[in-house]
Structures are given as C-alpha cells and as structure tokens.
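Asker: First the structure, then my questions, so here it is.
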Amino acid sequence: MMKQWRMDITPKCENGCELFITSRGTVRPCFWISEASDEKNIFDKDDNWNLNKTPLNEIVDVHLKNFVEDIKKNPFNGLKVCFYECTEKYKD
Amino acid sequence: MNALKNIKIELTSKCFQSCSKCPRTLLKGQYNELDLPLEHIQSVINAEPNMITLMGNLGDPIYHSEFPAIVRMINDNDIPFNVFTVGSGYGESWWRDIYTVCNNKNKWFFDVDGIETAGTYRRGLVFEQAWTAMQVGAELGKNINWSFPVLKHNQHEVGAAKQLANKHGINFRINYSERWDANDPWKPTISKKDVDKAI
C-alpha cells in the first residue's frame with residue numbers, strides 16, 4: 001500500500017488565544033506572523049484587522065473566527081507559518 | 001466575545017538597540033516609529049483578557065512614551081501581565097517607580113545577551129542598566145527572569161550568568177534556538193546538552 005502523509009492544522013489562534021496587536025493598531029492572529037514575513041500584509045493591509053477601523057470584538061468574533069474556520073475546513077487555506085507552528089504531522 | 005487568553009501587544013516600534021537579526025535592523029527605513037494609542041490599549045483591557053503580554057516585534061515595550069501610565073492602567077484593572085524587554089535605557093529611579101505601581105501578578109523577562117559580552121548581539125544594550133532593572137525588581141519582590149539567548153559570543157558566560165542571577169533572586173532561563181542557518185556567525189558551537197551541563 002502506498003504510504004501517504006496527512007497533515008492537520010490545529011490553529012492555536014482560535015478564540016484569540018494568540019492574538020497579536022502591532023504598534024500601528026493592526027491585529028494578526030498570532031505573533032509568529034512576523035514583521036519580516038510577507039504574510040503580515042494579509043492582515044496589515046485589511047481594514048477588517050485594523051483597530052483604527054474595526055472594533056476588537058468584531059475582529060475576534062468575525063474575522064479571526066472565519067480565518068480559523070477556513071483552516072479547519074482545509075489546512076491548505078492556512079499560511080506558511082501555520083504549517084510551521086500549528087501542524088500535527090503523522091503517517092496513515 | 002469569548003474570554004481572551006493572552007493578548008500580545010507591541011506597544012511601540014521604538015527601540016534603542018539594533019540587534020543584528022531584528023526586523024528593525026533588517027528593514028531599517030521601511031517602517032515608522034510609532035506608539036500604540038492608549039485608546040487601543042483600553043479596548044484590550046475592556047475585553048478582560050486572562051493575561052496581557054507587552055512585547056515587541058520592531059520595538060521594546062518600555063520605550064512607549066507612556067509606558068508607566070499603561071502599566072498603571074493594566075494593573076488597576078487587575079489583569080496579570082508579562083513584559084519582555086532588554087531593560088536598557090533607564091536608571092534605578094525609573095524602575096523603582098514602575099515596579100512600585102505594579103502588584104505581584106506580573107512577570108518581567110529581560111533578554112540580555114551576556115555579562116561582559118552583553119551588547120555584542122543586542123547592539124546598544126548597556127549591561128549595567130539592564131542589570132539594575134533586574135536587580136531592583138528582584139529586591140522589590142517582583143518576578144524577574146533573565147532570559148539568556150545562547151549565542152557564539154556569550155556561550156562561555158552561561159554558567160556565570162546563572163550564578164549571578166541566582167545570587168540576586170533572579171530566575172534564570174536559557175533561550176537556546178534550534179533554528180539556525182548552517183553558517184550563521186551567531187550560532188553557538190556548543191550543544192544544548194553542554195549548556196545544560198554548564199548550569
């Protein structure tokens with residue numbers, strides 16, 4: 001039987017457990033989305049993740065929730081950093 | 001909104017140091033130096049998280065121009081908080097004032113890269129100032145932690161740093177990274193096991 005790799009992401013950022021707020025007031029799901037990463041722009045350039053435009057409760061209850069749900073539906077909706085920090089890798 | 005566990009806040013993008021691998025060094029000129037407005041910090045406090053962590057990505061939280069007021073705001077709302085800093089840049093009276101407004105639910109982590117060699121990686125760090133910050137906190141009964149990044153230049157100082165910390169009631173923590181490029185000049189030449197033996 002051919003061996004296959006399966007991969008699941010368990011987002012540690014669910015419910016805002018890892019929420020990170022930058023000095024500009026932008027919000028990212030976690031601190032691991034660093035300043036040196038291009039993936040930061042997904043959040044930093046979106047008003048839905050900006051405290052200057054969107055209240056914290058809406059960021060957590062709507063936009064973070066959608067982000068987490070999308071990853072749970074399909075791990076390939078995750079970011080690169082999600083694969084580094086939140087994956088469980090195992091063989092079938 | 002569900003109870004938030006631990007909100008991490010970069011209070012400011014300002015810093016007095018220029019650490020070699022820090023985004024502020026690597027991306028110099030590509031960011032503005034800003035302080036997070038107090039209204040956003042208040043909105044985090046209003047969400048009543050279980051914990052707030054004041055830390056940095058580009059900056060060091062203690063350089064927010066209203067850091068003492070922020071500490072007071074969080075403390076007055078009885079929310080435990082952690083602070084991650086290098087602790088350099090202020091004198092004894094500044095630290096005494098800060099610690100005095102805090103209760104004992106807080107933890108302070110000082111990321112200091114050596115004793116004699118401190119400031120080699122964290123360029124601009126003044127060991128005497130960082131040490132004063134740690135020592136005064138410990139003297140006042142605060143939870144003070146020296147987070148020692150093991151690097152090639154300071155690996156020989158790990159044992160002495162631990163002894164110094166223990167002598168003054170400061171918790172000592174090793175920060176030994178496993179993520180290195182093969183030829184990274186900062187990569188320690190001793191293993192984690194050797195570091196553990198040294199302490």
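We name chains A, B, ... following the order of the structure tokens; residues begin at 1 in each chain, and ligands are numbered from 1 as shown.
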What's around Gln163 of chain B at 12 Å? Count only C-alpha atoms, leave out sequence neighbours fewer than 3 positions away in its own chain, and write the answer as a list of chain:residue names.

Answerer: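 Near neighbours after the sequence-gap exclusion: B:Ile115, B:Trp146, B:Glu157, B:Val158, B:Gly159, B:Ala160, B:Asn166, B:Lys167, B:His168, B:Gly169, B:Ile170, B:Asn171, B:Phe172, B:Arg173, B:Ala198, B:Ile199.
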
Asker: Any chance you could export the current selection's C-alpha atoms as a compact mmCIF listing (two decimals), in the first residue's frame?

Answerer:
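Writing done, so here's selection_4.txt:
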# COMPACT_ATOMS: atom_id res chain seq x y z
CA ILE B 115 27.64 39.83 31.05
CA TRP B 146 16.78 36.75 32.90
CA GLU B 157 29.21 33.10 30.15
CA VAL B 158 26.12 30.96 30.70
CA GLY B 159 27.31 29.43 33.98
CA ALA B 160 28.48 32.74 35.44
CA ASN B 166 20.62 33.07 41.48
CA LYS B 167 22.67 35.12 43.93
CA HIS B 168 20.26 38.04 43.49
CA GLY B 169 16.94 36.16 43.43
CA ILE B 170 16.52 36.42 39.67
CA ASN B 171 15.13 33.44 37.74
CA PHE B 172 17.47 32.31 35.01
CA ARG B 173 16.19 30.93 31.72
CA ALA B 198 27.28 24.29 32.35
CA ILE B 199 24.38 25.40 34.51

Asker: Near chain A, meaning an atom within 12 Å, which residues of chain B appear when counting only C-alpha atoms? Write them as a PyMOL selection string.

Answerer: chain B and resi 1-14+21-28+30-61+63-64+179

Asker: Give me, as a ChimeraX atom specification, the residues of segment 37-144 of chain B that a backbone DSSP run labels alpha helix (DSSP H).

Answerer: /B:38-46,67-76,92-101,127-139

Asker: His156 of chain B: which residues within 10 Å, counting only C-alpha atoms, same-chain residues fewer than 4 positions away excluded, as a list in words?

Answerer: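 In the requested format, the answer is Gly114, Thr117, Val150, Leu151, Lys152, Ala160, Ala161, Pro188, Ile190, Val195 and Ala198 of chain B.
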
Asker: Take the residues just selected and output them with N, CA and C atoms as a compact mmCIF listing (two decimals), in the first residue's frame.

Answerer:
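Wrote it out as again_18.txt, contents follow:
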# COMPACT_ATOMS: atom_id res chain seq x y z
N GLY B 114 24.39 38.37 27.67
CA GLY B 114 25.71 38.14 28.25
C GLY B 114 25.97 39.02 29.46
N THR B 117 30.06 40.36 27.69
CA THR B 117 29.84 40.42 26.23
C THR B 117 28.47 41.01 25.88
N VAL B 150 21.48 32.05 24.11
CA VAL B 150 22.81 31.45 23.95
C VAL B 150 23.28 31.67 22.51
N LEU B 151 24.38 32.38 22.39
CA LEU B 151 24.95 32.71 21.09
C LEU B 151 26.45 32.40 21.15
N LYS B 152 27.07 32.39 20.00
CA LYS B 152 28.50 32.02 19.95
C LYS B 152 29.33 32.93 20.87
N ALA B 160 28.28 31.56 34.58
CA ALA B 160 28.48 32.74 35.44
C ALA B 160 27.20 33.57 35.52
N ALA B 161 26.48 33.66 34.42
CA ALA B 161 25.25 34.45 34.41
C ALA B 161 24.21 33.80 35.32
N PRO B 188 25.65 29.12 18.24
CA PRO B 188 26.59 28.63 19.26
C PRO B 188 27.30 27.37 18.79
N ILE B 190 28.40 25.16 20.98
CA ILE B 190 28.15 24.10 21.96
C ILE B 190 26.68 23.69 21.88
N VAL B 195 25.21 23.16 27.27
CA VAL B 195 24.72 24.34 28.02
C VAL B 195 24.07 23.87 29.32
N ALA B 198 26.58 23.09 31.82
CA ALA B 198 27.28 24.29 32.35
C ALA B 198 26.49 24.98 33.45

Asker: Give me, as an mmCIF file with C-alpha atoms, in the first residue's frame, all polymer residues having an atom no more than 12 Å from Glu128 of chain B, counting only C-alpha atoms and skipping those fewer than 2 positions away in the same chain.

Answerer:
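Result written to result_3.cif:
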data_model
loop_
_atom_site.group_PDB
_atom_site.id
_atom_site.type_symbol
_atom_site.label_atom_id
_atom_site.label_comp_id
_atom_site.auth_asym_id
_atom_site.auth_seq_id
_atom_site.Cartn_x
_atom_site.Cartn_y
_atom_site.Cartn_z
ATOM 1 C CA VAL B 86 16.079 44.228 27.241
ATOM 2 C CA GLY B 87 15.795 46.605 30.195
ATOM 3 C CA SER B 88 18.385 49.067 28.949
ATOM 4 C CA GLY B 89 17.957 52.829 28.731
ATOM 5 C CA TYR B 90 16.592 53.817 32.149
ATOM 6 C CA GLY B 91 18.067 54.327 35.583
ATOM 7 C CA GLU B 92 17.234 52.945 39.010
ATOM 8 C CA VAL B 112 20.186 40.204 27.985
ATOM 9 C CA GLY B 114 25.712 38.143 28.249
ATOM 10 C CA ILE B 115 27.635 39.827 31.052
ATOM 11 C CA GLU B 116 30.979 41.139 29.782
ATOM 12 C CA THR B 117 29.837 40.423 26.233
ATOM 13 C CA ALA B 118 26.336 41.931 26.603
ATOM 14 C CA GLY B 119 25.557 44.260 23.741
ATOM 15 C CA GLY B 124 23.369 49.461 22.141
ATOM 16 C CA LEU B 125 22.408 47.476 25.250
ATOM 17 C CA VAL B 126 24.111 48.745 28.409
ATOM 18 C CA ALA B 130 19.683 46.127 32.355
ATOM 19 C CA TRP B 131 21.235 44.593 35.450
ATOM 20 C CA THR B 132 19.948 47.447 37.624
ATOM 21 C CA ALA B 133 16.450 46.880 36.223
ATOM 22 C CA MET B 134 16.610 43.175 37.111
ATOM 23 C CA GLN B 135 18.260 43.665 40.486
ATOM 24 C CA VAL B 136 15.867 46.383 41.683
#
